[in-house]
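Here is the structure we will look at.
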Amino acid sequence: MNKMKGVPIFLSLVVLGLASSIASASDPSPLQDFCVAVKDSEIESALFVNGKFCKNPKDVTANDFFFQGLDKPRDTSNPLGSNVTQLNVDKIAGLNTLGISLARIDYAPHGLNPPHIHPRGTEILVVIEGTLEVGFVTSNQDENRLFSKVLNKGDVFVFPVGLIHFQFNRGYTNAVAFAGLSSQNAGVITIANAVFDSDPRINPDVLTKAFQVDKNVIENLQKQFWVDNNN
Ligand SMILES: *[C@@H]1O[C@H](CO)[C@@H](O)[C@H](O)[C@H]1NC(C)=O
């Protein structure tokens, strides 16, 4: 009898323990690249918080939640043939703390939104015009599998947070897509720019070994002009 009574109590303790470990499993998500802590004595010179300071609610108007002109095609006459218009918290202040943002992406014929990462946001993309070859690559533990698809008008694809992904306009006409991102400031790391165009440059010996090529291949890549297609 005693044993029988003990089981439900033990079980409920286990369930409670699991529930509380899930509830406190992670820190709050960062809202920018870093948030360096300041000492209490330095607090007066501290200007940055995790996110933005909040405007007095009494001063907030509809315009804080508003943006006009996302119907306008963007200029794609750069080497990549693409142009990303990000509507994040920097463009729409009302997005602060809301965990969501939007982007319009224009592609010239054969334009590419090159392999990149959003460190803080999952992306859901819908094609409004044209044909896009899209894909993302999973982590090493998942054997870097490529998930790829050709999308036509009306097709939707999801890029999970933190995974390398791209969109390529396979067609002979312009393409347009809109994307929702699960962050007020999802961030962008374009792989080629980060690796070959860092400031200062990564020691070419590091990249020569990493990519297992001749050093002059790396030096040429480091001399190249790497356009950033994000606005
Ligand atoms: C994107 O288009 C806008 C407006 O058309 C233009 O001002 C901007 O320079 C373009 N950006 C790139 C990277 O081409």
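Ordered as shown in the structure tokens, chains take letters A, B, and onward, while each chain numbers its residues from 1 and ligands are numbered from 1 in the order shown.
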
Contact check, chain A to ligand 1, at most 10 Å, counting only C-alpha atoms and all ligand atoms, closest pairs as a Markdown table:
| residue | atom | partner | partner_atom_place_in_ligand_line | distance |
| --- | --- | --- | --- | --- |
| A:Lys72 | CA | ligand 1 | 5 (O) | 8.1 |
| A:Pro73 | CA | ligand 1 | 5 (O) | 6.8 |
| A:Arg74 | CA | ligand 1 | 5 (O) | 3.7 |
| A:Asp75 | CA | ligand 1 | 5 (O) | 3.8 |
| A:Thr76 | CA | ligand 1 | 14 (O) | 5.4 |
| A:Ser77 | CA | ligand 1 | 14 (O) | 6.2 |
| A:Asn78 | CA | ligand 1 | 14 (O) | 5.3 |
| A:Pro79 | CA | ligand 1 | 14 (O) | 8.6 |
| A:Leu80 | CA | ligand 1 | 14 (O) | 8.6 |
| A:Gly81 | CA | ligand 1 | 14 (O) | 7.9 |
| A:Ser82 | CA | ligand 1 | 14 (O) | 6.9 |
| A:Asn83 | CA | ligand 1 | 1 (C) | 5.0 |
| A:Val84 | CA | ligand 1 | 1 (C) | 6.9 |
| A:Thr85 | CA | ligand 1 | 1 (C) | 7.1 |
| A:Ile105 | CA | ligand 1 | 1 (C) | 9.4 |
| A:Asp106 | CA | ligand 1 | 1 (C) | 8.6 |
| A:Val227 | CA | ligand 1 | 13 (C) | 6.8 |
| A:Asp228 | CA | ligand 1 | 13 (C) | 5.7 |
| A:Asn229 | CA | ligand 1 | 13 (C) | 3.9 |
| A:Asn230 | CA | ligand 1 | 13 (C) | 5.8 |
| A:Asn231 | CA | ligand 1 | 11 (N) | 6.1 |

Residue subset to file, keeping C-alpha atoms, as a PDB file, in the first residue's frame:
ATOM      1  CA  LYS A  72       7.968  49.745 -55.488  1.00  0.00           C
ATOM      2  CA  PRO A  73      10.512  47.541 -57.320  1.00  0.00           C
ATOM      3  CA  ARG A  74      14.087  48.068 -56.071  1.00  0.00           C
ATOM      4  CA  ASP A  75      17.235  48.654 -58.118  1.00  0.00           C
ATOM      5  CA  THR A  76      18.895  45.297 -58.866  1.00  0.00           C
ATOM      6  CA  SER A  77      21.727  46.606 -61.083  1.00  0.00           C
ATOM      7  CA  ASN A  78      24.500  45.347 -58.753  1.00  0.00           C
ATOM      8  CA  PRO A  79      26.809  42.336 -59.365  1.00  0.00           C
ATOM      9  CA  LEU A  80      24.419  39.969 -57.512  1.00  0.00           C
ATOM     10  CA  GLY A  81      21.313  41.168 -59.340  1.00  0.00           C
ATOM     11  CA  SER A  82      19.236  41.296 -56.153  1.00  0.00           C
ATOM     12  CA  ASN A  83      18.126  43.836 -53.587  1.00  0.00           C
ATOM     13  CA  VAL A  84      16.749  43.126 -50.109  1.00  0.00           C
ATOM     14  CA  THR A  85      14.605  45.790 -48.447  1.00  0.00           C
ATOM     15  CA  ILE A 105      13.409  40.930 -52.176  1.00  0.00           C
ATOM     16  CA  ASP A 106      13.807  41.895 -55.836  1.00  0.00           C
ATOM     17  CA  VAL A 227      28.509  43.766 -52.602  1.00  0.00           C
ATOM     18  CA  ASP A 228      26.022  43.779 -49.715  1.00  0.00           C
ATOM     19  CA  ASN A 229      22.545  43.478 -51.253  1.00  0.00           C
ATOM     20  CA  ASN A 230      20.763  44.354 -47.983  1.00  0.00           C
ATOM     21  CA  ASN A 231      19.198  47.731 -47.340  1.00  0.00           C
TER      22      ASN A 231
END

- If we count only C-alpha atoms, what is near region 50-55 of chain A at a cut-off of 8 Å, once residues fewer than 2 positions away on the same chain are taken out, given as a ChimeraX atom specification? /A:30-32,35,48,57,59-60,96-97

Just want the 9 Å neighbourhood of Arg201 (chain A), counted on only C-alpha atoms, with same-chain residues fewer than 5 positions away dropped. Output as a CSV table (one decimal) with N, CA and C atoms, in the first residue's frame.
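This went into result_2.csv:
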chain,number,residue,atom,x,y,z
A,195,VAL,N,33.5,36.0,-44.7
A,195,VAL,CA,34.7,35.2,-44.8
A,195,VAL,C,35.8,35.9,-45.6
A,196,PHE,N,35.5,36.5,-46.7
A,196,PHE,CA,36.5,37.1,-47.6
A,196,PHE,C,36.6,38.6,-47.5
A,222,GLN,N,40.0,37.6,-51.5
A,222,GLN,CA,40.0,38.7,-50.5
A,222,GLN,C,40.2,40.1,-51.2

- Selected residue, from A:Phe157, A:Asn88, A:Pro115, A:Ile164, that lies nearest to Asn144 (chain A) when counting only C-alpha atoms: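 The closest residue to Asn144 (chain A) is A:Ile164.
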
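Using only C-alpha atoms, the residues found no farther than 7 Å from Leu163 (chain A), other than those of its own chain fewer than 2 positions away, are Ile117, Phe136, Val137, Thr138, Pro160, Val161 and His165 of chain A.
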
Written file, previous selection with N, CA, C and O atoms, as a tab-separated table (two decimals), in the first residue's frame:
chain	number	residue	atom	x	y	z
A	117	ILE	N	22.98	33.87	-43.58
A	117	ILE	CA	22.38	33.37	-42.34
A	117	ILE	C	21.64	34.52	-41.68
A	117	ILE	O	22.11	35.65	-41.71
A	136	PHE	N	18.20	25.55	-48.24
A	136	PHE	CA	18.99	25.74	-47.03
A	136	PHE	C	19.76	24.47	-46.73
A	136	PHE	O	19.40	23.39	-47.21
A	137	VAL	N	20.85	24.60	-45.96
A	137	VAL	CA	21.71	23.48	-45.63
A	137	VAL	C	21.69	23.29	-44.11
A	137	VAL	O	21.83	24.25	-43.36
A	138	THR	N	21.53	22.03	-43.69
A	138	THR	CA	21.45	21.76	-42.25
A	138	THR	C	22.85	21.74	-41.63
A	138	THR	O	23.87	21.81	-42.32
A	160	PRO	N	14.82	27.74	-41.68
A	160	PRO	CA	14.94	27.72	-40.22
A	160	PRO	C	16.08	28.63	-39.73
A	160	PRO	O	17.10	28.78	-40.40
A	161	VAL	N	15.89	29.18	-38.54
A	161	VAL	CA	16.84	30.14	-37.97
A	161	VAL	C	18.27	29.58	-37.97
A	161	VAL	O	18.49	28.41	-37.67
A	165	HIS	N	21.20	29.77	-46.24
A	165	HIS	CA	20.17	29.63	-47.29
A	165	HIS	C	20.40	30.64	-48.40
A	165	HIS	O	21.19	31.57	-48.26

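Compared by their closest atoms to Lys223 (chain A), and using only C-alpha atoms, the residues A:Val150, A:Ser198, A:Gly162, A:Val206 rank with A:Ser198 nearest.
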
- as a PyMOL selection string, list the residues of chain A assigned to alpha helix (DSSP H) by DSSP on the backbone atoms of this structure. chain A and resi 2-23+191-196+204-211+215-223

Kindly export the residues of the current selection with N, CA and C atoms, as a compact mmCIF listing (two decimals), in the first residue's frame.
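The result, written out as selection-v2.txt:
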# COMPACT_ATOMS: atom_id res chain seq x y z
N ASN A 2 1.83 1.25 0.91
CA ASN A 2 2.74 2.40 1.01
C ASN A 2 3.47 2.64 -0.30
N LYS A 3 3.91 1.52 -0.89
CA LYS A 3 4.63 1.62 -2.16
C LYS A 3 3.74 2.25 -3.23
N MET A 4 2.48 1.76 -3.29
CA MET A 4 1.54 2.26 -4.29
C MET A 4 1.32 3.77 -4.13
N LYS A 5 1.28 4.21 -2.87
CA LYS A 5 1.08 5.64 -2.62
C LYS A 5 2.30 6.45 -3.07
N GLY A 6 3.46 5.82 -2.86
CA GLY A 6 4.71 6.53 -3.18
C GLY A 6 4.86 6.81 -4.66
N VAL A 7 4.33 5.94 -5.52
CA VAL A 7 4.55 6.07 -6.96
C VAL A 7 3.98 7.38 -7.52
N PRO A 8 2.68 7.68 -7.28
CA PRO A 8 2.16 8.93 -7.83
C PRO A 8 2.91 10.17 -7.32
N ILE A 9 3.35 10.14 -6.06
CA ILE A 9 4.08 11.31 -5.53
C ILE A 9 5.41 11.46 -6.27
N PHE A 10 6.10 10.30 -6.45
CA PHE A 10 7.38 10.33 -7.16
C PHE A 10 7.18 10.83 -8.60
N LEU A 11 6.12 10.28 -9.24
CA LEU A 11 5.84 10.68 -10.63
C LEU A 11 5.55 12.17 -10.74
N SER A 12 4.76 12.67 -9.80
CA SER A 12 4.42 14.10 -9.91
C SER A 12 5.65 14.96 -9.65
N LEU A 13 6.58 14.46 -8.82
CA LEU A 13 7.83 15.20 -8.61
C LEU A 13 8.65 15.24 -9.89
N VAL A 14 8.70 14.09 -10.60
CA VAL A 14 9.45 14.03 -11.86
C VAL A 14 8.83 15.00 -12.87
N VAL A 15 7.49 14.96 -12.97
CA VAL A 15 6.79 15.84 -13.93
C VAL A 15 7.06 17.30 -13.59
N LEU A 16 6.99 17.61 -12.29
CA LEU A 16 7.26 18.99 -11.85
C LEU A 16 8.68 19.42 -12.21
N GLY A 17 9.62 18.49 -11.94
CA GLY A 17 11.02 18.78 -12.23
C GLY A 17 11.24 19.04 -13.70
N LEU A 18 10.63 18.19 -14.56
CA LEU A 18 10.76 18.36 -16.01
C LEU A 18 10.16 19.68 -16.45
N ALA A 19 8.97 19.96 -15.90
CA ALA A 19 8.27 21.18 -16.31
C ALA A 19 9.10 22.41 -15.96
N SER A 20 9.71 22.41 -14.77
CA SER A 20 10.44 23.61 -14.39
C SER A 20 11.75 23.72 -15.15
N SER A 21 12.34 22.55 -15.53
CA SER A 21 13.58 22.65 -16.30
C SER A 21 13.29 23.16 -17.71
N ILE A 22 12.10 22.80 -18.24
CA ILE A 22 11.73 23.32 -19.56
C ILE A 22 11.45 24.82 -19.46
N ALA A 23 10.74 25.20 -18.40
CA ALA A 23 10.36 26.61 -18.27
C ALA A 23 11.58 27.51 -18.15
N ILE A 191 27.70 34.92 -46.28
CA ILE A 191 28.85 34.04 -46.04
C ILE A 191 30.12 34.57 -46.71
N ALA A 192 30.03 34.88 -48.02
CA ALA A 192 31.23 35.32 -48.74
C ALA A 192 31.78 36.62 -48.15
N ASN A 193 30.89 37.56 -47.83
CA ASN A 193 31.33 38.85 -47.28
C ASN A 193 32.01 38.66 -45.93
N ALA A 194 31.41 37.82 -45.08
CA ALA A 194 31.97 37.63 -43.74
C ALA A 194 33.33 36.93 -43.80
N VAL A 195 33.47 35.98 -44.75
CA VAL A 195 34.70 35.18 -44.80
C VAL A 195 35.82 35.90 -45.56
N PHE A 196 35.46 36.53 -46.70
CA PHE A 196 36.51 37.10 -47.57
C PHE A 196 36.63 38.62 -47.49
N PRO A 204 45.19 35.06 -44.52
CA PRO A 204 44.96 34.15 -45.66
C PRO A 204 45.41 32.72 -45.38
N ASP A 205 46.40 32.53 -44.49
CA ASP A 205 46.82 31.16 -44.13
C ASP A 205 45.66 30.38 -43.50
N VAL A 206 44.85 31.09 -42.73
CA VAL A 206 43.70 30.45 -42.08
C VAL A 206 42.72 29.96 -43.14
N LEU A 207 42.43 30.82 -44.13
CA LEU A 207 41.43 30.45 -45.14
C LEU A 207 42.01 29.45 -46.15
N THR A 208 43.32 29.55 -46.41
CA THR A 208 43.97 28.59 -47.31
C THR A 208 43.82 27.17 -46.75
N LYS A 209 44.09 27.04 -45.44
CA LYS A 209 43.95 25.72 -44.78
C LYS A 209 42.48 25.30 -44.71
N ALA A 210 41.63 26.25 -44.38
CA ALA A 210 40.21 25.92 -44.19
C ALA A 210 39.58 25.43 -45.48
N PHE A 211 39.92 26.09 -46.61
CA PHE A 211 39.30 25.73 -47.88
C PHE A 211 40.14 24.76 -48.70
N LYS A 215 47.03 29.43 -51.90
CA LYS A 215 46.90 30.71 -51.22
C LYS A 215 46.47 31.83 -52.16
N ASN A 216 46.90 31.75 -53.44
CA ASN A 216 46.52 32.84 -54.37
C ASN A 216 45.02 32.85 -54.67
N VAL A 217 44.38 31.69 -54.56
CA VAL A 217 42.91 31.66 -54.72
C VAL A 217 42.28 32.51 -53.63
N ILE A 218 42.75 32.31 -52.40
CA ILE A 218 42.22 33.07 -51.26
C ILE A 218 42.54 34.55 -51.41
N GLU A 219 43.80 34.85 -51.80
CA GLU A 219 44.18 36.26 -51.92
C GLU A 219 43.35 36.97 -52.99
N ASN A 220 43.04 36.26 -54.08
CA ASN A 220 42.17 36.86 -55.10
C ASN A 220 40.76 37.10 -54.55
N LEU A 221 40.25 36.13 -53.80
CA LEU A 221 38.91 36.29 -53.23
C LEU A 221 38.88 37.46 -52.24
N GLN A 222 39.98 37.63 -51.50
CA GLN A 222 40.03 38.71 -50.52
C GLN A 222 40.16 40.08 -51.18
N LYS A 223 40.63 40.11 -52.43
CA LYS A 223 40.77 41.39 -53.15
C LYS A 223 39.48 41.79 -53.85

- Looking at A:Val158, A:Ala179, A:Ile128, A:Ile202, which one is nearest to Leu87 (chain A), with distances taken over only C-alpha atoms? A:Ala179

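Near Ala62 (chain A), within 12 Å and counting only C-alpha atoms, sit Pro57, Lys58, Phe66, Phe67, Ile92, Ala93 and Gly94 of chain A, not including residues fewer than 4 positions from it in the same chain.
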
I need the residues from that last selection saved to file as a PDB file, in the first residue's frame (with N, CA and C atoms), if you can.
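Now in out.pdb:
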ATOM      1  N   PRO A  57       4.500  55.875 -24.137  1.00  0.00           N
ATOM      2  CA  PRO A  57       3.283  55.413 -24.834  1.00  0.00           C
ATOM      3  C   PRO A  57       2.358  56.567 -25.232  1.00  0.00           C
ATOM      4  N   LYS A  58       2.370  57.638 -24.464  1.00  0.00           N
ATOM      5  CA  LYS A  58       1.484  58.780 -24.783  1.00  0.00           C
ATOM      6  C   LYS A  58       1.910  59.478 -26.078  1.00  0.00           C
ATOM      7  N   PHE A  66       3.907  52.045 -39.133  1.00  0.00           N
ATOM      8  CA  PHE A  66       3.530  52.238 -40.538  1.00  0.00           C
ATOM      9  C   PHE A  66       4.757  52.389 -41.423  1.00  0.00           C
ATOM     10  N   PHE A  67       4.656  51.845 -42.652  1.00  0.00           N
ATOM     11  CA  PHE A  67       5.692  52.054 -43.674  1.00  0.00           C
ATOM     12  C   PHE A  67       4.997  52.079 -45.023  1.00  0.00           C
ATOM     13  N   ILE A  92      10.712  50.399 -38.801  1.00  0.00           N
ATOM     14  CA  ILE A  92       9.389  50.544 -38.178  1.00  0.00           C
ATOM     15  C   ILE A  92       9.594  50.404 -36.660  1.00  0.00           C
ATOM     16  N   ALA A  93       9.672  51.546 -35.984  1.00  0.00           N
ATOM     17  CA  ALA A  93      10.031  51.548 -34.558  1.00  0.00           C
ATOM     18  C   ALA A  93       9.046  50.743 -33.715  1.00  0.00           C
ATOM     19  N   GLY A  94       7.795  50.673 -34.180  1.00  0.00           N
ATOM     20  CA  GLY A  94       6.761  49.947 -33.435  1.00  0.00           C
ATOM     21  C   GLY A  94       7.025  48.453 -33.338  1.00  0.00           C
TER      22      GLY A  94
END

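With only C-alpha atoms as the atoms that count, the residue of A:Arg120, A:Asn56, A:Leu125, A:Leu95 with the shortest distance to Pro28 (chain A) is A:Arg120.
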
- All residues 6 Å or closer to Asn174 (chain A), only C-alpha atoms, same chain fewer than 4 positions away omitted, as a PyMOL selection string: chain A and resi 107-109

- Task: Can you list, as JSON, numbers by chain, all residues belonging to region 1-219 of chain A that DSSP tags as strand (DSSP E or B)?
- Result: {"A": [49, 51, 82, 83, 84, 85, 86, 87, 101, 102, 103, 104, 105, 106, 107, 112, 113, 114, 115, 116, 117, 123, 124, 125, 126, 127, 128, 129, 132, 133, 134, 135, 136, 137, 146, 147, 148, 149, 150, 151, 156, 157, 158, 159, 164, 165, 166, 167, 168, 169, 175, 176, 177, 178, 179, 180, 181, 189, 190]}
